[in-house]
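Asks: Have a look at the structure that comes next, please.
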Amino acid sequence: MSESLFSKKNRKLITDPLTDNNPVTIQVLGICSALAITVQVNQAIVMGLSVIFVTMMGNVVISMLRNLIPSRIRIIVQLVVVAALVIVVDQVLAAFLPDLSAKLSVFVGLIITNCIIMGRLEAFAMANKPWPSLLDGFGNGLGYAGLLVLVAVFRELFGSGTLLGFTIFGNSLPGEESGLYAMGYTNNNMMILPPMALIIVGVIIWVQRLRNKELQEDH
Amino acid sequence: MAINKESNGFTFGFAITLVVVVGTVLALLAMGLKPMREQNAKVKKQLDILSAMLDLDKEGINRKNAASEFEKYINLDEAVVLDMNGNVKEGTNAFDVDIQTEYKDKKLKDSDKNYPLFVAKQDGKTLYIIPIVGKGLWGPIWGNICLDEDMSTIKGASFGHKGETPGLGAEIQQKFFIDRWLEEKISDSTGLYLPFEIVKDGSGATKPQKIDGITGGTITSKGVEEMANRCLSVYAAYFKSLKTKE
């Protein structure tokens, strides 16, 4: 092998999607599920892990088949591979994490339509060897998962006063308030509704472009 | 001989092989995991039924010990299945009745629907747990109502929903809404069913048969009302026949 497994080029495949080429904030893909699955951090983590698995495995499978796939049906082939992987995730979740699976409901199935996955298959895996494809899939999945968890931290903390289900601000039950609630603090119900996720994603995009002038569009 | 991978033959061959391989893998996986999915559904149902009479968090009941706790409180041999007129149906296992599927099944006649009733024992008292099902604003809602040994006073309840609006309709599963149902009676002293009404004027706390609805969750609240009245009246008829027998 001419190139080491974690050469600079390969490392960039993982780090780029985490920062200046994030699939959600820069390419604005996968927004739909980012709005829906970010009410609680543990949901966001499971959803993120599911997407990482699908992007990684999808990229590897397509990359291995890339010289065989007839170009006329390549999109359909990609779709079949992604759909099969998503069903695997769905079935495994339903069998081992039934409560979370019920909460994620249709959104696991909708990973199929997540543009990040099809985008990486078509743009990267069809033209690269399996190992770089695996790293690329992992990086993009991680970039998606990271943003999901970040948004979920804000939404769960200010919407429900908890993180990963643990109370942070005290007891909010009417009549037995403690901590911040005893001082008159209330949860922001807007936080648990999807529009607030859009606003949070918007703020993250704004902050990111403020810090990195290269990302700002001229017009 | 080099294969022309853009030829029709190769394209068809590739597509067929791929679909067969993927189909086989998924079918094997689904069959392999089926026992676990069925077990999960069974445990969920046990937890739902228990949640009507106990505070699951306080009692430390979870998926792991659900089966043993369920057996401790509920004897399935005493459970019965009723028809829509409150008569006992023989030969149907109460736990196996899926009222949600039956409720959704448009082809199923009302007279063929099953109404399961579970009998529980707690501190020497006999309690009756009634599963109910209906529809809210966005999708199905369901619940379990626990009656005291007088077969009329609501002692506990739990409600669930598929996708009601968070903060509005979804609040039906919160403790404050459930508490509004406690100590209400489903029948008068002769056993006649007394229908419930969801009200907006805040009179629910003082007047019998009136339950305060949820602000901003009117349609879901009305759904709970319809669900409770439709299902509970069947059981009231059954309890009445039991009392007359005595």
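Each chain of the structure tokens is named A, B, ... in the order shown, its residues numbered from 1; ligands are numbered from 1 in display order.
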Dump as number ranges by chain the residues of chain A that approach chain B to within 12 Å, counting only C-alpha atoms.
Replies: A: 39, 61-62, 65-99, 101-106, 159-160, 173-175, 187-194
Asks: Could the residues in this selection be saved with C-alpha atoms as a PDB file, in the first residue's frame?
Replies:
```pdb
ATOM      1  CA  VAL A  39     -35.867  16.960  21.665  1.00  0.00           C
ATOM      2  CA  VAL A  61     -20.564  -1.643   0.070  1.00  0.00           C
ATOM      3  CA  ILE A  62     -21.017   0.795  -2.801  1.00  0.00           C
ATOM      4  CA  LEU A  65     -19.282  -2.696  -6.005  1.00  0.00           C
ATOM      5  CA  ARG A  66     -18.366   0.546  -7.797  1.00  0.00           C
ATOM      6  CA  ASN A  67     -16.656  -1.173 -10.739  1.00  0.00           C
ATOM      7  CA  LEU A  68     -19.564  -3.590 -11.207  1.00  0.00           C
ATOM      8  CA  ILE A  69     -22.594  -1.326 -10.855  1.00  0.00           C
ATOM      9  CA  PRO A  70     -24.114  -0.567 -14.277  1.00  0.00           C
ATOM     10  CA  SER A  71     -24.223   3.216 -14.459  1.00  0.00           C
ATOM     11  CA  ARG A  72     -27.808   3.278 -15.733  1.00  0.00           C
ATOM     12  CA  ILE A  73     -29.174   1.788 -12.495  1.00  0.00           C
ATOM     13  CA  ARG A  74     -26.591   3.094 -10.040  1.00  0.00           C
ATOM     14  CA  ILE A  75     -29.003   5.320  -8.088  1.00  0.00           C
ATOM     15  CA  ILE A  76     -31.435   2.437  -7.640  1.00  0.00           C
ATOM     16  CA  VAL A  77     -28.596   0.173  -6.513  1.00  0.00           C
ATOM     17  CA  GLN A  78     -27.498   2.783  -3.970  1.00  0.00           C
ATOM     18  CA  LEU A  79     -31.060   3.090  -2.761  1.00  0.00           C
ATOM     19  CA  VAL A  80     -31.424  -0.676  -2.322  1.00  0.00           C
ATOM     20  CA  VAL A  81     -28.197  -0.858  -0.313  1.00  0.00           C
ATOM     21  CA  VAL A  82     -29.188   2.097   1.891  1.00  0.00           C
ATOM     22  CA  ALA A  83     -32.716   0.772   2.386  1.00  0.00           C
ATOM     23  CA  ALA A  84     -31.390  -2.654   3.389  1.00  0.00           C
ATOM     24  CA  LEU A  85     -28.990  -1.120   5.922  1.00  0.00           C
ATOM     25  CA  VAL A  86     -31.720   1.073   7.376  1.00  0.00           C
ATOM     26  CA  ILE A  87     -34.020  -1.915   7.806  1.00  0.00           C
ATOM     27  CA  VAL A  88     -31.200  -3.711   9.611  1.00  0.00           C
ATOM     28  CA  VAL A  89     -30.850  -0.737  11.983  1.00  0.00           C
ATOM     29  CA  ASP A  90     -34.612  -0.525  12.480  1.00  0.00           C
ATOM     30  CA  GLN A  91     -34.939  -4.229  13.268  1.00  0.00           C
ATOM     31  CA  VAL A  92     -31.988  -4.267  15.650  1.00  0.00           C
ATOM     32  CA  LEU A  93     -33.307  -1.202  17.507  1.00  0.00           C
ATOM     33  CA  ALA A  94     -36.789  -2.701  17.769  1.00  0.00           C
ATOM     34  CA  ALA A  95     -35.323  -5.890  19.211  1.00  0.00           C
ATOM     35  CA  PHE A  96     -32.807  -4.438  21.661  1.00  0.00           C
ATOM     36  CA  LEU A  97     -33.963  -0.881  22.477  1.00  0.00           C
ATOM     37  CA  PRO A  98     -37.765  -1.102  22.147  1.00  0.00           C
ATOM     38  CA  ASP A  99     -38.556   2.095  24.072  1.00  0.00           C
ATOM     39  CA  SER A 101     -37.286   2.556  18.877  1.00  0.00           C
ATOM     40  CA  ALA A 102     -40.890   3.542  19.619  1.00  0.00           C
ATOM     41  CA  LYS A 103     -39.845   7.156  20.201  1.00  0.00           C
ATOM     42  CA  LEU A 104     -37.764   7.363  17.026  1.00  0.00           C
ATOM     43  CA  SER A 105     -40.718   5.738  15.208  1.00  0.00           C
ATOM     44  CA  VAL A 106     -40.715   6.635  11.527  1.00  0.00           C
ATOM     45  CA  GLY A 159     -37.114  22.649  27.079  1.00  0.00           C
ATOM     46  CA  SER A 160     -37.279  19.975  29.771  1.00  0.00           C
ATOM     47  CA  LEU A 173     -43.427  19.125  39.168  1.00  0.00           C
ATOM     48  CA  PRO A 174     -46.174  21.561  40.231  1.00  0.00           C
ATOM     49  CA  GLY A 175     -46.341  21.712  44.012  1.00  0.00           C
ATOM     50  CA  ASN A 187     -39.161  25.501  31.034  1.00  0.00           C
ATOM     51  CA  ASN A 188     -39.380  27.035  27.577  1.00  0.00           C
ATOM     52  CA  ASN A 189     -42.090  25.013  25.855  1.00  0.00           C
ATOM     53  CA  MET A 190     -41.088  26.505  22.516  1.00  0.00           C
ATOM     54  CA  MET A 191     -37.846  24.501  22.805  1.00  0.00           C
ATOM     55  CA  ILE A 192     -39.576  21.152  22.425  1.00  0.00           C
ATOM     56  CA  LEU A 193     -41.368  22.212  19.233  1.00  0.00           C
ATOM     57  CA  PRO A 194     -39.615  21.730  15.858  1.00  0.00           C
TER      58      PRO A 194
END
```
Asks: Give me every alpha helix (DSSP H) residue in stretch 52-217 of chain B, going by DSSP on the backbone, as a list in words.
Replies: Ala52, Met53, Leu56, Asp57, Lys58, Glu59, Ala66, Ala67, Ser68, Glu69, Phe70, Glu71, Lys72, Tyr73, Ile99, Gln100, Thr101, Glu102, Tyr103, Lys104, Lys175, Phe176, Phe177, Ile178 and Asp179 of chain B
Asks: Those same residues - C-alpha atoms - I'd like them written as a PDB file, in the first residue's frame.
Replies:
```
ATOM      1  CA  ALA B  52     -52.965   1.776  35.707  1.00  0.00           C
ATOM      2  CA  MET B  53     -52.728   0.514  39.301  1.00  0.00           C
ATOM      3  CA  LEU B  56     -44.055   2.058  37.907  1.00  0.00           C
ATOM      4  CA  ASP B  57     -41.128   4.364  38.679  1.00  0.00           C
ATOM      5  CA  LYS B  58     -41.813   4.394  42.396  1.00  0.00           C
ATOM      6  CA  GLU B  59     -42.222   0.608  42.565  1.00  0.00           C
ATOM      7  CA  ALA B  66     -42.155  -6.786  34.355  1.00  0.00           C
ATOM      8  CA  ALA B  67     -43.090 -10.447  33.912  1.00  0.00           C
ATOM      9  CA  SER B  68     -42.640 -11.417  37.579  1.00  0.00           C
ATOM     10  CA  GLU B  69     -44.348  -8.244  38.862  1.00  0.00           C
ATOM     11  CA  PHE B  70     -47.229  -8.798  36.457  1.00  0.00           C
ATOM     12  CA  GLU B  71     -47.736 -12.328  37.793  1.00  0.00           C
ATOM     13  CA  LYS B  72     -47.570 -11.047  41.351  1.00  0.00           C
ATOM     14  CA  TYR B  73     -50.554  -8.740  40.885  1.00  0.00           C
ATOM     15  CA  ILE B  99     -57.772  -3.839  21.044  1.00  0.00           C
ATOM     16  CA  GLN B 100     -55.759  -1.278  19.100  1.00  0.00           C
ATOM     17  CA  THR B 101     -55.746  -3.425  15.976  1.00  0.00           C
ATOM     18  CA  GLU B 102     -59.411  -4.277  16.435  1.00  0.00           C
ATOM     19  CA  TYR B 103     -60.279  -0.592  16.850  1.00  0.00           C
ATOM     20  CA  LYS B 104     -58.494   0.325  13.623  1.00  0.00           C
ATOM     21  CA  LYS B 175     -50.000  12.870  36.278  1.00  0.00           C
ATOM     22  CA  PHE B 176     -52.044  16.072  36.641  1.00  0.00           C
ATOM     23  CA  PHE B 177     -54.525  14.957  33.983  1.00  0.00           C
ATOM     24  CA  ILE B 178     -54.753  11.400  35.326  1.00  0.00           C
ATOM     25  CA  ASP B 179     -55.390  12.767  38.834  1.00  0.00           C
TER      26      ASP B 179
END
```
Asks: Rank B:Asp105, B:Phe118, B:Trp138, B:Ile61 by their smallest atom-to-atom distance to B:His161, using only C-alpha atoms, and report the top residue only.
Replies: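 Checking each of B:Asp105, B:Phe118, B:Trp138, B:Ile61 against B:His161, counting only C-alpha atoms, the winner is B:Trp138.
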Asks: Could you check the closest approach to A:Phe154 for each of A:Ala127, A:Ile52, A:Val203, A:Ala182 and tell me which residue wins, using only C-alpha atoms?
Replies: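 Of A:Ala127, A:Ile52, A:Val203, A:Ala182, the one nearest A:Phe154 is A:Val203, counting only C-alpha atoms.
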Asks: A:Gly202, A:Gly139, A:Gly184, A:Pro195: which is nearest A:Val51, counting only C-alpha atoms?
Replies: A:Gly139
Asks: Can you tell me which residues surround B:Gly217 at a distance of at most 8 Å, considering only C-alpha atoms, apart from same-chain residues fewer than 3 positions away, and format the answer as a list in words?
Replies: Leu168, Gly169, Ala170, Gly213, Ile214, Thr220 and Ser221 of chain B
Asks: Go ahead and save the residues from that selection, with all heavy atoms, as a CSV table (one decimal), in the first residue's frame.
Replies:
```
chain,number,residue,atom,x,y,z
B,168,LEU,N,-49.3,20.0,24.5
B,168,LEU,CA,-50.8,20.2,24.4
B,168,LEU,C,-51.5,18.9,24.6
B,168,LEU,O,-51.6,18.4,25.7
B,168,LEU,CB,-51.1,20.9,23.1
B,168,LEU,CG,-50.4,22.3,22.9
B,168,LEU,CD1,-50.7,22.8,21.5
B,168,LEU,CD2,-50.9,23.3,23.9
B,169,GLY,N,-51.9,18.3,23.5
B,169,GLY,CA,-52.6,17.0,23.6
B,169,GLY,C,-51.8,15.9,24.3
B,169,GLY,O,-52.3,15.1,25.0
B,170,ALA,N,-50.5,16.0,24.1
B,170,ALA,CA,-49.6,14.9,24.7
B,170,ALA,C,-49.6,14.9,26.2
B,170,ALA,O,-49.2,14.0,26.9
B,170,ALA,CB,-48.2,15.1,24.2
B,213,GLY,N,-60.7,19.6,30.9
B,213,GLY,CA,-59.8,19.2,29.7
B,213,GLY,C,-58.5,19.9,29.8
B,213,GLY,O,-58.2,20.6,30.8
B,214,ILE,N,-57.7,19.7,28.8
B,214,ILE,CA,-56.4,20.3,28.7
B,214,ILE,C,-56.4,21.6,27.8
B,214,ILE,O,-56.9,21.5,26.7
B,214,ILE,CB,-55.3,19.3,28.2
B,214,ILE,CG1,-55.2,18.2,29.3
B,214,ILE,CG2,-54.0,20.0,28.0
B,214,ILE,CD1,-54.4,17.1,28.8
B,220,THR,N,-57.8,16.3,21.6
B,220,THR,CA,-57.3,15.1,22.3
B,220,THR,C,-58.1,14.8,23.6
B,220,THR,O,-58.5,13.7,23.8
B,220,THR,CB,-55.8,15.3,22.7
B,220,THR,OG1,-55.1,15.8,21.6
B,220,THR,CG2,-55.2,14.1,23.1
B,221,SER,N,-58.5,15.9,24.3
B,221,SER,CA,-59.3,15.7,25.5
B,221,SER,C,-60.6,15.1,25.2
B,221,SER,O,-61.1,14.2,25.9
B,221,SER,CB,-59.5,17.0,26.3
B,221,SER,OG,-58.2,17.6,26.6
```
Asks: Which of these, A:Ile14, A:Val151, A:Asn128, A:Pro23, has the shortest distance to A:Val201 once you count only C-alpha atoms?
Replies: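 So, comparing all the options, the nearest one is A:Val151.
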Asks: As an exercise, work out the distance from atom CA of B:Thr190 to atom CA of B:Asp212 in Å and give it to one decimal place.
Replies: 26.2 Å
Asks: Would you mind telling me which residue in A:Met118, A:Leu163, A:Leu215, A:Met57 lies nearest to A:Leu150 when using only C-alpha atoms?
Replies: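 Between A:Met118, A:Leu163, A:Leu215, A:Met57, the residue approaching A:Leu150 most closely is A:Leu163.
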Asks: Which polymer residues have any atom within 9 Å of an atom of A:Thr55, counting only C-alpha atoms, with same-chain residues fewer than 3 positions away left out, as a ChimeraX atom specification?
Replies: /A:50-52,58-60,82,116-118,120-121,134,136-138,140-141
Asks: Give me the residues within 10 Å of A:Ile26 as a ChimeraX atom specification, counting only C-alpha atoms and dropping any in the same chain fewer than 5 places off.
Replies: /A:17,19-21,205,208-209,215
